[in-house]
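Structure below is final.cif: mmCIF, C-alpha atoms.
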```cif
data_target
#
loop_
_atom_site.group_PDB
_atom_site.id
_atom_site.type_symbol
_atom_site.label_atom_id
_atom_site.label_comp_id
_atom_site.auth_asym_id
_atom_site.auth_seq_id
_atom_site.Cartn_x
_atom_site.Cartn_y
_atom_site.Cartn_z
ATOM 1 C CA MET A 1 26.619 6.832 -20.108
ATOM 2 C CA THR A 2 25.183 7.025 -23.595
ATOM 3 C CA ARG A 3 27.284 8.566 -26.308
ATOM 4 C CA GLN A 4 25.810 10.971 -28.769
ATOM 5 C CA SER A 5 26.138 9.887 -32.374
ATOM 6 C CA PRO A 6 27.807 12.343 -34.763
ATOM 7 C CA GLU A 7 24.638 12.875 -36.802
ATOM 8 C CA GLN A 8 22.674 14.101 -33.785
ATOM 9 C CA PRO A 9 22.117 17.824 -33.821
ATOM 10 C CA ALA A 10 24.350 19.847 -31.597
ATOM 11 C CA GLY A 11 22.272 21.544 -28.948
ATOM 12 C CA PRO A 12 22.348 23.059 -25.529
ATOM 13 C CA GLU A 13 24.088 21.077 -22.845
ATOM 14 C CA LEU A 14 21.824 19.090 -20.558
ATOM 15 C CA ASN A 15 22.483 20.931 -17.343
ATOM 16 C CA GLU A 16 20.225 20.850 -14.288
ATOM 17 C CA ASP A 17 18.207 23.859 -15.359
ATOM 18 C CA ARG A 18 17.506 22.497 -18.832
ATOM 19 C CA SER A 19 16.730 19.059 -17.354
ATOM 20 C CA GLN A 20 14.083 20.572 -15.111
ATOM 21 C CA ARG A 21 12.480 22.527 -17.933
ATOM 22 C CA LEU A 22 12.584 19.515 -20.222
ATOM 23 C CA ALA A 23 11.068 17.285 -17.544
ATOM 24 C CA GLY A 24 8.372 19.887 -16.967
ATOM 25 C CA ARG A 25 7.556 19.890 -20.653
ATOM 26 C CA VAL A 26 7.259 16.119 -20.828
ATOM 27 C CA VAL A 27 5.257 15.994 -17.612
ATOM 28 C CA ALA A 28 2.843 18.562 -19.053
ATOM 29 C CA VAL A 29 2.278 16.272 -22.037
ATOM 30 C CA LEU A 30 1.781 13.292 -19.729
ATOM 31 C CA ASP A 31 -0.634 15.260 -17.530
ATOM 32 C CA ARG A 32 -2.669 16.332 -20.509
ATOM 33 C CA GLN A 33 -2.941 12.784 -21.759
ATOM 34 C CA ALA A 34 -3.902 11.529 -18.301
ATOM 35 C CA GLN A 35 -6.642 14.131 -18.045
ATOM 36 C CA ASP A 36 -7.999 13.373 -21.510
ATOM 37 C CA LEU A 37 -8.337 9.630 -21.074
ATOM 38 C CA PRO A 38 -11.194 8.000 -22.988
ATOM 39 C CA GLU A 39 -14.414 7.562 -21.067
ATOM 40 C CA THR A 40 -14.143 3.782 -21.259
ATOM 41 C CA VAL A 41 -10.821 3.926 -19.433
ATOM 42 C CA THR A 42 -12.015 6.324 -16.720
ATOM 43 C CA ALA A 43 -15.086 4.132 -16.165
ATOM 44 C CA ALA A 44 -12.874 1.048 -15.882
ATOM 45 C CA LEU A 45 -10.620 2.832 -13.390
ATOM 46 C CA ALA A 46 -13.612 3.897 -11.297
ATOM 47 C CA ALA A 47 -14.919 0.323 -11.336
ATOM 48 C CA ALA A 48 -11.505 -0.986 -10.250
ATOM 49 C CA ARG A 49 -11.439 1.522 -7.403
ATOM 50 C CA LYS A 50 -14.943 0.524 -6.337
ATOM 51 C CA ARG A 51 -13.971 -3.156 -6.292
ATOM 52 C CA ALA A 52 -10.898 -2.409 -4.194
ATOM 53 C CA LEU A 53 -12.925 -0.386 -1.695
ATOM 54 C CA GLU A 54 -15.624 -3.053 -1.487
ATOM 55 C CA GLN A 55 -12.953 -5.584 -0.678
ATOM 56 C CA ALA A 56 -11.582 -3.248 1.995
ATOM 57 C CA GLY A 57 -15.059 -2.927 3.507
ATOM 58 C CA VAL A 58 -15.525 -6.696 3.631
ATOM 59 C CA SER A 59 -12.096 -7.226 5.155
ATOM 60 C CA ARG A 60 -12.786 -4.563 7.761
ATOM 61 C CA ALA A 61 -16.069 -6.274 8.732
ATOM 62 C CA ARG A 62 -14.118 -9.464 9.323
ATOM 63 C CA TYR A 63 -11.437 -7.693 11.278
ATOM 64 C CA VAL A 64 -13.658 -6.197 13.997
ATOM 65 C CA PRO A 65 -15.034 -9.529 15.293
ATOM 66 C CA ARG A 66 -11.478 -10.835 15.449
ATOM 67 C CA SER A 67 -10.526 -8.095 17.922
ATOM 68 C CA LEU A 68 -13.686 -8.781 19.881
ATOM 69 C CA TRP A 69 -12.881 -12.475 19.844
ATOM 70 C CA ILE A 70 -9.444 -11.822 21.330
ATOM 71 C CA GLY A 71 -10.977 -9.637 24.068
ATOM 72 C CA SER A 72 -13.605 -12.241 24.862
ATOM 73 C CA LEU A 73 -10.952 -14.939 25.120
ATOM 74 C CA ALA A 74 -8.922 -12.835 27.574
ATOM 75 C CA ALA A 75 -12.016 -12.125 29.682
ATOM 76 C CA GLY A 76 -12.879 -15.830 29.719
ATOM 77 C CA VAL A 77 -9.407 -16.796 30.888
ATOM 78 C CA MET A 78 -9.605 -14.226 33.701
ATOM 79 C CA ALA A 79 -13.046 -15.452 34.787
ATOM 80 C CA LEU A 80 -11.818 -19.051 34.794
ATOM 81 C CA GLY A 81 -8.861 -18.042 36.969
ATOM 82 C CA LEU A 82 -11.188 -16.356 39.473
ATOM 83 C CA VAL A 83 -13.461 -19.373 39.669
ATOM 84 C CA LEU A 84 -10.548 -21.753 40.174
ATOM 85 C CA PHE A 85 -8.514 -19.820 42.736
ATOM 86 C CA MET A 86 -10.818 -17.509 44.727
ATOM 87 C CA PRO A 87 -12.804 -20.223 46.616
ATOM 88 C CA GLU A 88 -9.550 -21.669 47.945
ATOM 89 C CA ARG A 89 -8.554 -18.385 49.541
ATOM 90 C CA HIS A 90 -11.957 -17.400 51.003
ATOM 91 C CA ALA A 91 -13.405 -20.746 52.031
ATOM 92 C CA GLN A 92 -16.886 -20.664 53.611
ATOM 93 C CA PRO A 93 -18.374 -23.444 55.826
ATOM 94 C CA GLY A 94 -19.465 -26.129 53.462
ATOM 95 C CA VAL A 95 -22.308 -28.613 53.554
ATOM 96 C CA ASP A 96 -19.916 -31.355 54.663
ATOM 97 C CA GLN A 97 -18.944 -29.420 57.805
ATOM 98 C CA LEU A 98 -22.601 -28.742 58.735
ATOM 99 C CA LEU A 99 -23.466 -32.422 58.320
ATOM 100 C CA ALA A 100 -20.541 -33.433 60.567
ATOM 101 C CA LEU A 101 -21.814 -31.101 63.352
ATOM 102 C CA ALA A 102 -25.328 -32.577 63.072
ATOM 103 C CA GLU A 103 -23.965 -36.050 63.766
ATOM 104 C CA VAL A 104 -22.193 -34.999 67.006
ATOM 105 C CA SER A 105 -23.722 -36.588 70.195
ATOM 106 C CA ASP A 106 -24.587 -34.553 73.336
ATOM 107 C CA GLY A 107 -21.497 -35.712 75.279
ATOM 108 C CA GLU A 108 -19.247 -34.879 72.363
ATOM 109 C CA TRP A 109 -20.983 -31.563 71.956
ATOM 110 C CA GLU A 110 -20.233 -30.625 75.631
ATOM 111 C CA ALA A 111 -16.594 -31.606 75.098
ATOM 112 C CA VAL A 112 -16.456 -29.343 72.030
ATOM 113 C CA GLN A 113 -18.007 -26.489 74.035
ATOM 114 C CA ASP A 114 -15.482 -26.998 76.866
ATOM 115 C CA LEU A 115 -12.692 -26.967 74.325
ATOM 116 C CA GLU A 116 -13.996 -23.732 72.804
ATOM 117 C CA PHE A 117 -14.211 -22.204 76.311
ATOM 118 C CA ALA A 118 -10.599 -23.221 77.037
ATOM 119 C CA VAL A 119 -9.479 -21.648 73.769
ATOM 120 C CA TRP A 120 -11.414 -18.455 74.571
ATOM 121 C CA LEU A 121 -9.940 -18.350 78.082
ATOM 122 C CA SER A 122 -6.404 -18.789 76.819
ATOM 123 C CA GLU A 123 -6.864 -15.817 74.535
ATOM 124 C CA LEU A 124 -7.883 -13.446 77.336
ATOM 125 C CA PRO A 125 -5.160 -11.012 78.531
ATOM 126 C CA ASP A 126 -3.618 -11.730 81.945
ATOM 127 C CA GLU A 127 -4.844 -8.365 83.393
ATOM 128 C CA ALA A 128 -8.461 -9.334 82.787
ATOM 129 C CA LEU A 129 -7.950 -12.575 84.720
ATOM 130 C CA ASP A 130 -6.293 -10.671 87.640
ATOM 131 C CA ASP A 131 -9.222 -8.179 87.810
ATOM 132 C CA ASP A 132 -11.684 -11.052 87.927
ATOM 133 C CA GLN A 133 -9.755 -12.682 90.770
ATOM 134 C CA ARG A 134 -9.652 -9.382 92.809
ATOM 135 C CA GLY A 135 -13.338 -8.723 92.183
ATOM 136 C CA MET B 1 -8.792 4.704 8.321
ATOM 137 C CA PRO B 2 -12.181 5.644 6.800
ATOM 138 C CA LEU B 3 -12.899 4.363 3.320
ATOM 139 C CA PRO B 4 -13.708 7.832 1.881
ATOM 140 C CA ALA B 5 -10.092 8.842 2.468
ATOM 141 C CA LEU B 6 -8.893 5.760 0.650
ATOM 142 C CA ASP B 7 -11.356 6.427 -2.157
ATOM 143 C CA ALA B 8 -10.089 9.990 -2.519
ATOM 144 C CA PHE B 9 -6.491 8.827 -2.542
ATOM 145 C CA LEU B 10 -7.078 6.179 -5.202
ATOM 146 C CA ALA B 11 -9.035 8.653 -7.310
ATOM 147 C CA SER B 12 -6.134 11.087 -7.105
ATOM 148 C CA VAL B 13 -3.548 8.627 -8.405
ATOM 149 C CA GLU B 14 -5.469 6.300 -10.696
ATOM 150 C CA ARG B 15 -4.968 8.279 -13.919
ATOM 151 C CA ARG B 16 -1.230 8.647 -13.486
ATOM 152 C CA ALA B 17 -0.982 5.031 -12.406
ATOM 153 C CA PHE B 18 -2.795 3.996 -15.549
ATOM 154 C CA GLY B 19 -0.525 6.231 -17.631
ATOM 155 C CA MET B 20 2.569 4.614 -16.114
ATOM 156 C CA ALA B 21 1.246 1.108 -16.610
ATOM 157 C CA ARG B 22 0.135 1.985 -20.133
ATOM 158 C CA LEU B 23 3.582 3.290 -21.046
ATOM 159 C CA ALA B 24 5.254 0.248 -19.509
ATOM 160 C CA THR B 25 3.011 -2.386 -21.080
ATOM 161 C CA ARG B 26 1.906 -0.605 -24.255
ATOM 162 C CA ASN B 27 -1.398 -2.333 -23.728
ATOM 163 C CA GLU B 28 -4.521 -0.676 -22.393
ATOM 164 C CA ALA B 29 -6.209 -3.802 -21.018
ATOM 165 C CA ASP B 30 -3.074 -5.005 -19.267
ATOM 166 C CA ALA B 31 -2.527 -1.528 -17.825
ATOM 167 C CA LEU B 32 -6.043 -1.540 -16.378
ATOM 168 C CA ASP B 33 -5.452 -4.980 -14.866
ATOM 169 C CA ILE B 34 -2.222 -3.776 -13.289
ATOM 170 C CA VAL B 35 -3.830 -0.692 -11.761
ATOM 171 C CA GLN B 36 -6.689 -2.760 -10.386
ATOM 172 C CA GLU B 37 -4.271 -5.271 -8.894
ATOM 173 C CA ALA B 38 -2.292 -2.481 -7.244
ATOM 174 C CA MET B 39 -5.478 -0.953 -5.813
ATOM 175 C CA LEU B 40 -6.621 -4.292 -4.437
ATOM 176 C CA LYS B 41 -3.270 -4.985 -2.844
ATOM 177 C CA LEU B 42 -3.118 -1.545 -1.243
ATOM 178 C CA THR B 43 -6.614 -1.777 0.224
ATOM 179 C CA ALA B 44 -6.094 -5.362 1.354
ATOM 180 C CA GLY B 45 -2.747 -4.939 3.042
ATOM 181 C CA TYR B 46 -2.055 -1.312 3.802
ATOM 182 C CA ARG B 47 -5.337 0.555 4.287
ATOM 183 C CA ASP B 48 -4.685 0.939 8.021
ATOM 184 C CA ARG B 49 -1.294 2.559 7.468
ATOM 185 C CA ASP B 50 -0.771 6.269 7.874
ATOM 186 C CA THR B 51 -2.262 8.130 4.908
ATOM 187 C CA VAL B 52 1.062 9.737 4.019
ATOM 188 C CA MET B 53 2.446 6.249 3.435
ATOM 189 C CA TRP B 54 -0.211 5.323 0.888
ATOM 190 C CA ARG B 55 1.406 7.088 -2.058
ATOM 191 C CA PRO B 56 4.889 5.507 -1.867
ATOM 192 C CA LEU B 57 3.331 2.166 -0.983
ATOM 193 C CA PHE B 58 0.870 2.318 -3.871
ATOM 194 C CA PHE B 59 3.529 3.141 -6.429
ATOM 195 C CA ARG B 60 5.823 0.499 -5.023
ATOM 196 C CA ILE B 61 3.037 -2.049 -5.471
ATOM 197 C CA LEU B 62 2.314 -0.686 -8.932
ATOM 198 C CA GLU B 63 5.940 -0.986 -10.005
ATOM 199 C CA ASN B 64 6.078 -4.528 -8.646
ATOM 200 C CA CYS B 65 2.954 -5.377 -10.636
ATOM 201 C CA ILE B 66 4.551 -3.893 -13.757
ATOM 202 C CA MET B 67 7.729 -5.892 -13.171
ATOM 203 C CA ASP B 68 5.664 -9.057 -12.686
ATOM 204 C CA TRP B 69 3.842 -8.330 -15.917
ATOM 205 C CA HIS B 70 7.150 -7.968 -17.766
ATOM 206 C CA ARG B 71 8.427 -11.260 -16.312
ATOM 207 C CA ARG B 72 5.253 -13.072 -17.342
ATOM 208 C CA GLU B 73 5.369 -11.423 -20.741
ATOM 209 C CA GLY B 74 9.014 -12.467 -21.222
ATOM 210 C CA LEU B 75 8.137 -16.016 -20.305
ATOM 211 C CA ARG B 76 5.154 -16.016 -22.615
ATOM 212 C CA ARG B 77 7.236 -14.720 -25.488
ATOM 213 C CA ARG B 78 9.850 -17.385 -24.861
ATOM 214 C CA TRP B 79 7.317 -20.216 -24.894
ATOM 215 C CA PHE B 80 5.104 -18.838 -27.642
ATOM 216 C CA PHE B 81 7.856 -17.375 -29.802
ATOM 217 C CA TRP B 82 6.079 -18.198 -33.052
ATOM 218 C CA ARG B 83 3.286 -15.769 -32.258
ATOM 219 C CA ALA B 84 5.472 -13.167 -30.618
ATOM 220 C CA ALA B 85 4.181 -9.822 -31.776
ATOM 221 C CA PRO B 86 5.028 -6.372 -30.548
ATOM 222 C CA ALA B 87 2.911 -5.624 -27.520
ATOM 223 C CA ALA B 88 2.040 -2.295 -29.055
ATOM 224 C CA THR B 89 -0.050 -3.913 -31.747
ATOM 225 C CA GLU B 90 -1.895 -6.303 -29.438
ATOM 226 C CA ALA B 91 -4.647 -3.848 -28.805
ATOM 227 C CA GLY B 92 -5.061 -3.484 -32.532
ATOM 228 C CA GLU B 93 -3.815 0.048 -32.750
ATOM 229 C CA ASP B 94 -0.613 1.946 -32.649
ATOM 230 C CA ASP B 95 0.260 3.639 -29.383
ATOM 231 C CA THR B 96 1.071 6.986 -30.783
ATOM 232 C CA GLU B 97 -2.291 6.859 -32.492
ATOM 233 C CA VAL B 98 -3.976 6.303 -29.119
ATOM 234 C CA TRP B 99 -2.243 9.304 -27.643
ATOM 235 C CA ASP B 100 -2.826 11.365 -30.749
ATOM 236 C CA LYS B 101 -6.560 10.758 -30.478
ATOM 237 C CA GLU B 102 -6.481 12.703 -27.252
ATOM 238 C CA ALA B 103 -5.013 15.782 -28.878
ATOM 239 C CA ASN B 104 -5.737 19.083 -27.222
ATOM 240 C CA PRO B 105 -8.368 20.890 -29.327
ATOM 241 C CA ASP B 106 -7.889 24.200 -27.559
ATOM 242 C CA ALA B 107 -4.830 25.324 -29.524
ATOM 243 C CA ILE B 108 -5.557 28.213 -31.866
ATOM 244 C CA ASP B 109 -2.669 28.389 -34.290
ATOM 245 C CA PRO B 110 -2.877 25.238 -36.402
ATOM 246 C CA VAL B 111 0.831 25.298 -37.312
ATOM 247 C CA GLU B 112 1.900 25.784 -33.723
ATOM 248 C CA HIS B 113 -0.683 23.268 -32.609
ATOM 249 C CA LEU B 114 0.684 20.731 -35.061
ATOM 250 C CA ALA B 115 4.263 21.330 -33.901
ATOM 251 C CA VAL B 116 3.271 21.024 -30.263
ATOM 252 C CA GLU B 117 1.311 17.882 -30.964
ATOM 253 C CA ARG B 118 4.157 16.343 -32.881
ATOM 254 C CA ALA B 119 6.611 17.190 -30.139
ATOM 255 C CA GLY B 120 4.206 15.848 -27.512
ATOM 256 C CA ALA B 121 3.733 12.626 -29.426
ATOM 257 C CA ALA B 122 7.498 12.366 -29.879
ATOM 258 C CA PHE B 123 8.041 12.861 -26.158
ATOM 259 C CA LEU B 124 5.461 10.217 -25.353
ATOM 260 C CA ALA B 125 7.010 7.822 -27.811
ATOM 261 C CA ALA B 126 10.425 8.548 -26.322
ATOM 262 C CA VAL B 127 9.202 7.884 -22.780
ATOM 263 C CA GLU B 128 7.517 4.745 -23.984
ATOM 264 C CA GLY B 129 10.686 3.621 -25.703
ATOM 265 C CA LEU B 130 12.903 4.093 -22.664
ATOM 266 C CA PRO B 131 14.283 0.975 -20.968
ATOM 267 C CA LEU B 132 11.907 -0.048 -18.196
ATOM 268 C CA GLN B 133 13.958 1.163 -15.245
ATOM 269 C CA GLN B 134 14.802 4.486 -16.881
ATOM 270 C CA GLN B 135 11.123 4.929 -17.676
ATOM 271 C CA GLN B 136 10.046 4.057 -14.145
ATOM 272 C CA CYS B 137 12.646 6.382 -12.613
ATOM 273 C CA PHE B 138 11.567 9.246 -14.829
ATOM 274 C CA LEU B 139 7.852 8.727 -14.204
ATOM 275 C CA LEU B 140 8.139 8.277 -10.450
ATOM 276 C CA ARG B 141 10.584 11.130 -9.930
ATOM 277 C CA CYS B 142 9.360 13.690 -12.430
ATOM 278 C CA TRP B 143 5.693 12.842 -12.902
ATOM 279 C CA GLU B 144 4.687 11.454 -9.532
ATOM 280 C CA GLY B 145 7.161 13.631 -7.640
ATOM 281 C CA LEU B 146 8.581 10.936 -5.387
ATOM 282 C CA SER B 147 11.934 11.632 -3.769
ATOM 283 C CA VAL B 148 15.079 9.803 -4.863
ATOM 284 C CA ASP B 149 14.862 7.575 -1.792
ATOM 285 C CA GLU B 150 11.167 6.849 -2.303
ATOM 286 C CA THR B 151 11.805 6.040 -5.948
ATOM 287 C CA ALA B 152 14.686 3.766 -5.011
ATOM 288 C CA GLU B 153 12.528 1.965 -2.488
ATOM 289 C CA ALA B 154 9.663 1.619 -4.930
ATOM 290 C CA LEU B 155 11.944 0.084 -7.529
ATOM 291 C CA GLY B 156 14.107 -1.886 -5.117
ATOM 292 C CA ILE B 157 17.343 -0.270 -6.301
ATOM 293 C CA GLN B 158 19.967 2.034 -4.824
ATOM 294 C CA PRO B 159 19.398 5.818 -4.790
ATOM 295 C CA GLY B 160 22.557 6.227 -6.884
ATOM 296 C CA SER B 161 21.064 3.974 -9.544
ATOM 297 C CA VAL B 162 17.941 6.131 -9.590
ATOM 298 C CA LYS B 163 20.058 9.186 -10.388
ATOM 299 C CA THR B 164 21.931 7.313 -13.113
ATOM 300 C CA HIS B 165 18.752 5.984 -14.740
ATOM 301 C CA LEU B 166 17.154 9.403 -14.543
ATOM 302 C CA PHE B 167 20.145 11.109 -16.127
ATOM 303 C CA ARG B 168 20.139 8.645 -19.015
ATOM 304 C CA ALA B 169 16.429 9.087 -19.499
ATOM 305 C CA MET B 170 16.816 12.854 -19.577
ATOM 306 C CA GLN B 171 19.592 12.542 -22.145
ATOM 307 C CA LYS B 172 17.307 10.596 -24.448
ATOM 308 C CA LEU B 173 14.467 13.053 -23.983
ATOM 309 C CA ASN B 174 16.864 15.897 -24.683
ATOM 310 C CA GLU B 175 17.820 14.239 -27.951
ATOM 311 C CA VAL B 176 14.144 14.110 -28.883
ATOM 312 C CA ALA B 177 13.711 17.746 -27.980
ATOM 313 C CA LEU B 178 16.672 18.692 -30.172
ATOM 314 C CA GLN B 179 15.460 16.575 -33.080
ATOM 315 C CA HIS B 180 12.050 18.244 -32.968
ATOM 316 C CA ASP B 181 13.594 21.632 -32.436
ATOM 317 C CA THR B 182 11.385 22.073 -29.409
ATOM 318 C CA ALA B 183 11.785 25.327 -27.621
ATOM 319 C CA ILE B 184 12.027 24.531 -23.939
ATOM 320 C CA PRO B 185 10.456 27.487 -22.177
#
```

Here is the file; what I need is its structure written in the form of structure tokens.
Amino acid sequence: MTRQSPEQPAGPELNEDRSQRLAGRVVAVLDRQAQDLPETVTAALAAARKRALEQAGVSRARYVPRSLWIGSLAAGVMALGLVLFMPERHAQPGVDQLLALAEVSDGEWEAVQDLEFAVWLSELPDEALDDDQRG
Amino acid sequence: MPLPALDAFLASVERRAFGMARLATRNEADALDIVQEAMLKLTAGYRDRDTVMWRPLFFRILENCIMDWHRREGLRRRWFFWRAAPAATEAGEDDTEVWDKEANPDAIDPVEHLAVERAGAAFLAAVEGLPLQQQQCFLLRCWEGLSVDETAEALGIQPGSVKTHLFRAMQKLNEVALQHDTAIP
């Protein structure tokens, strides 16, 4: 707390009301000075603002590809996962299997057909077999 | 956030920001550098923030830039003490003269005009002569209209300290008003 020296003029107490009016008075002076700045200063301020906005524009142009890059990376990882795991779950007859069948001899081929017939017969319901026997 | 909004915001605060930096540094060129630095930092780091956050952020950056300037200036004065000169004279002119050049020509009564101008110049000199934190508290609270909490955050001090600094600043300005017999409306 600053102490007032004895030679300072006695005046109204600095209560809240006087503080507000005093602050308003000083602010009015500051506002007036800020509005009446020399043209060289206002031009320099405008140039500074322009530089800052140009920098913001450049930074923004760099930022957009970064978000795209992250999205592309995620899509790539997902595609790689599909390629690696989907063929295992939905396997189709490959070239190797077709070549193996081509090399089977006639006798072996009949044995394979008999085996397939036995498998098919075992899968039939018992009622179907009984009907066939009655018929 | 679109750049026009940022442009409008910076245009709305640049004059007061310059005034604050000018009062704190007493040097026009340094004040311009500080304002530019604050603008660049805001656009680089905070342009995507909510627009209502720009004002407290900008003035926080500005105050940090002013504090940095004072630290550098203190260091410079310590190392180059033999050429230490008052910052006010570095620009080659007295500060009150700079402000006086911008006197309002609209006043009609020359005597009243002179008294008002003298009081205005005295107020400006008083604000300029305040200790840095008192000055910053007064300018941010009373001129920029930040809340006590926003001012405290901008200056990195406690809200209670803001009130104390502001009260001391107002006491000094009141002394000026009494010395110049200024009628406070």

If we count all atoms listed in the file, which residues of chain B reach to within 6 Å of chain A? Please list them as a tab-separated table (two decimals) with C-alpha atoms, in the frame of the given file.
```
chain	number	residue	atom	x	y	z
B	15	ARG	CA	-4.97	8.28	-13.92
B	36	GLN	CA	-6.69	-2.76	-10.39
B	39	MET	CA	-5.48	-0.95	-5.81
B	40	LEU	CA	-6.62	-4.29	-4.44
B	43	THR	CA	-6.61	-1.78	0.22
B	44	ALA	CA	-6.09	-5.36	1.35
B	102	GLU	CA	-6.48	12.70	-27.25
B	120	GLY	CA	4.21	15.85	-27.51
B	143	TRP	CA	5.69	12.84	-12.90
```

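For the point (18.0, 9.4, -17.5), the residues with at least one atom inside 10 Å, counting only C-alpha atoms, are Met1, Thr2 and Ser19 of chain A; Leu130, Pro131, Gln133, Gln134, Gln135, Cys137, Phe138, Val162, Lys163, Thr164, His165, Leu166, Phe167, Arg168, Ala169, Met170, Gln171, Lys172, Leu173 and Asn174 of chain B.
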
Export C-alpha atoms of the chosen residues as a PDB file, in the frame of the given file?
```
ATOM      1  CA  MET A   1      26.619   6.832 -20.108  1.00  0.00           C
ATOM      2  CA  THR A   2      25.183   7.025 -23.595  1.00  0.00           C
ATOM      3  CA  SER A  19      16.730  19.059 -17.354  1.00  0.00           C
TER       4      SER A  19
ATOM      5  CA  LEU B 130      12.903   4.093 -22.664  1.00  0.00           C
ATOM      6  CA  PRO B 131      14.283   0.975 -20.968  1.00  0.00           C
ATOM      7  CA  GLN B 133      13.958   1.163 -15.245  1.00  0.00           C
ATOM      8  CA  GLN B 134      14.802   4.486 -16.881  1.00  0.00           C
ATOM      9  CA  GLN B 135      11.123   4.929 -17.676  1.00  0.00           C
ATOM     10  CA  CYS B 137      12.646   6.382 -12.613  1.00  0.00           C
ATOM     11  CA  PHE B 138      11.567   9.246 -14.829  1.00  0.00           C
ATOM     12  CA  VAL B 162      17.941   6.131  -9.590  1.00  0.00           C
ATOM     13  CA  LYS B 163      20.058   9.186 -10.388  1.00  0.00           C
ATOM     14  CA  THR B 164      21.931   7.313 -13.113  1.00  0.00           C
ATOM     15  CA  HIS B 165      18.752   5.984 -14.740  1.00  0.00           C
ATOM     16  CA  LEU B 166      17.154   9.403 -14.543  1.00  0.00           C
ATOM     17  CA  PHE B 167      20.145  11.109 -16.127  1.00  0.00           C
ATOM     18  CA  ARG B 168      20.139   8.645 -19.015  1.00  0.00           C
ATOM     19  CA  ALA B 169      16.429   9.087 -19.499  1.00  0.00           C
ATOM     20  CA  MET B 170      16.816  12.854 -19.577  1.00  0.00           C
ATOM     21  CA  GLN B 171      19.592  12.542 -22.145  1.00  0.00           C
ATOM     22  CA  LYS B 172      17.307  10.596 -24.448  1.00  0.00           C
ATOM     23  CA  LEU B 173      14.467  13.053 -23.983  1.00  0.00           C
ATOM     24  CA  ASN B 174      16.864  15.897 -24.683  1.00  0.00           C
TER      25      ASN B 174
END
```

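CA of Ala43 in chain A sits 23.9 Å away from CA of Glu128 in chain B.
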
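If you look at CA of Ile34 in chain B and CA of Ala121 in chain B, they are 23.8 Å away from each other.
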
Find the spatial neighbours of Glu63 in chain B, counting all atoms listed in the file, within a cut-off of 9 Å - ignore same-chain residues fewer than 3 positions away - and output them as a VMD selection string.
chain B and resid 20 to 21 38 58 to 60 66 to 68 136 154 to 155

Filtering to C-alpha atoms, could you give me those residues as an mmCIF file, keeping the file's coordinate frame?
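And here's out25.cif as it stands now:
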```cif
data_model
loop_
_atom_site.group_PDB
_atom_site.id
_atom_site.type_symbol
_atom_site.label_atom_id
_atom_site.label_comp_id
_atom_site.auth_asym_id
_atom_site.auth_seq_id
_atom_site.Cartn_x
_atom_site.Cartn_y
_atom_site.Cartn_z
ATOM 1 C CA MET B 20 2.569 4.614 -16.114
ATOM 2 C CA ALA B 21 1.246 1.108 -16.610
ATOM 3 C CA ALA B 38 -2.292 -2.481 -7.244
ATOM 4 C CA PHE B 58 0.870 2.318 -3.871
ATOM 5 C CA PHE B 59 3.529 3.141 -6.429
ATOM 6 C CA ARG B 60 5.823 0.499 -5.023
ATOM 7 C CA ILE B 66 4.551 -3.893 -13.757
ATOM 8 C CA MET B 67 7.729 -5.892 -13.171
ATOM 9 C CA ASP B 68 5.664 -9.057 -12.686
ATOM 10 C CA GLN B 136 10.046 4.057 -14.145
ATOM 11 C CA ALA B 154 9.663 1.619 -4.930
ATOM 12 C CA LEU B 155 11.944 0.084 -7.529
#
```

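Note that CA of Ala119 in chain B and CA of Ala177 in chain B are 7.4 Å apart.
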
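Non-sequential neighbours of Ala122 in chain B (distance at most 9 Å, separation of 2 or more positions within a chain, only C-alpha atoms) are B:Thr96, B:Glu117, B:Arg118, B:Ala119, B:Gly120, B:Leu124, B:Ala125, B:Ala126, B:Val127, B:Val176, B:Ala177, B:His180.
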
Spatial neighbours of Asp149 in chain B, max dist 7 Å, all atoms listed in the file, sep filter under 3 positions, as JSON, numbers by chain
{"B": [152, 153, 159]}

First collect every listed atom of range 46-57 of chain A; then fit an axis-aligned box around them, widen it by 6 Å on each side, and give centre and edge lengths in Å to one decimal, as lines of an AutoDock Vina configuration file.
```
center_x = -13.3
center_y = -0.8
center_z = -3.9
size_x = 16.7
size_y = 21.5
size_z = 26.8
```

Skipping near chain neighbours, those fewer than 3 positions away, what residues fall within 12 Å of Asp50 in chain B using all atoms listed in the file, listed as a PyMOL selection string?
chain B and resi 1-2+5-6+46-47+53-57

Export of prior selection with C-alpha atoms as a CSV table (one decimal), in the coordinates of the input:
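As a result, out20.csv now contains:
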```csv
chain,number,residue,atom,x,y,z
B,1,MET,CA,-8.8,4.7,8.3
B,2,PRO,CA,-12.2,5.6,6.8
B,5,ALA,CA,-10.1,8.8,2.5
B,6,LEU,CA,-8.9,5.8,0.6
B,46,TYR,CA,-2.1,-1.3,3.8
B,47,ARG,CA,-5.3,0.6,4.3
B,53,MET,CA,2.4,6.2,3.4
B,54,TRP,CA,-0.2,5.3,0.9
B,55,ARG,CA,1.4,7.1,-2.1
B,56,PRO,CA,4.9,5.5,-1.9
B,57,LEU,CA,3.3,2.2,-1.0
```
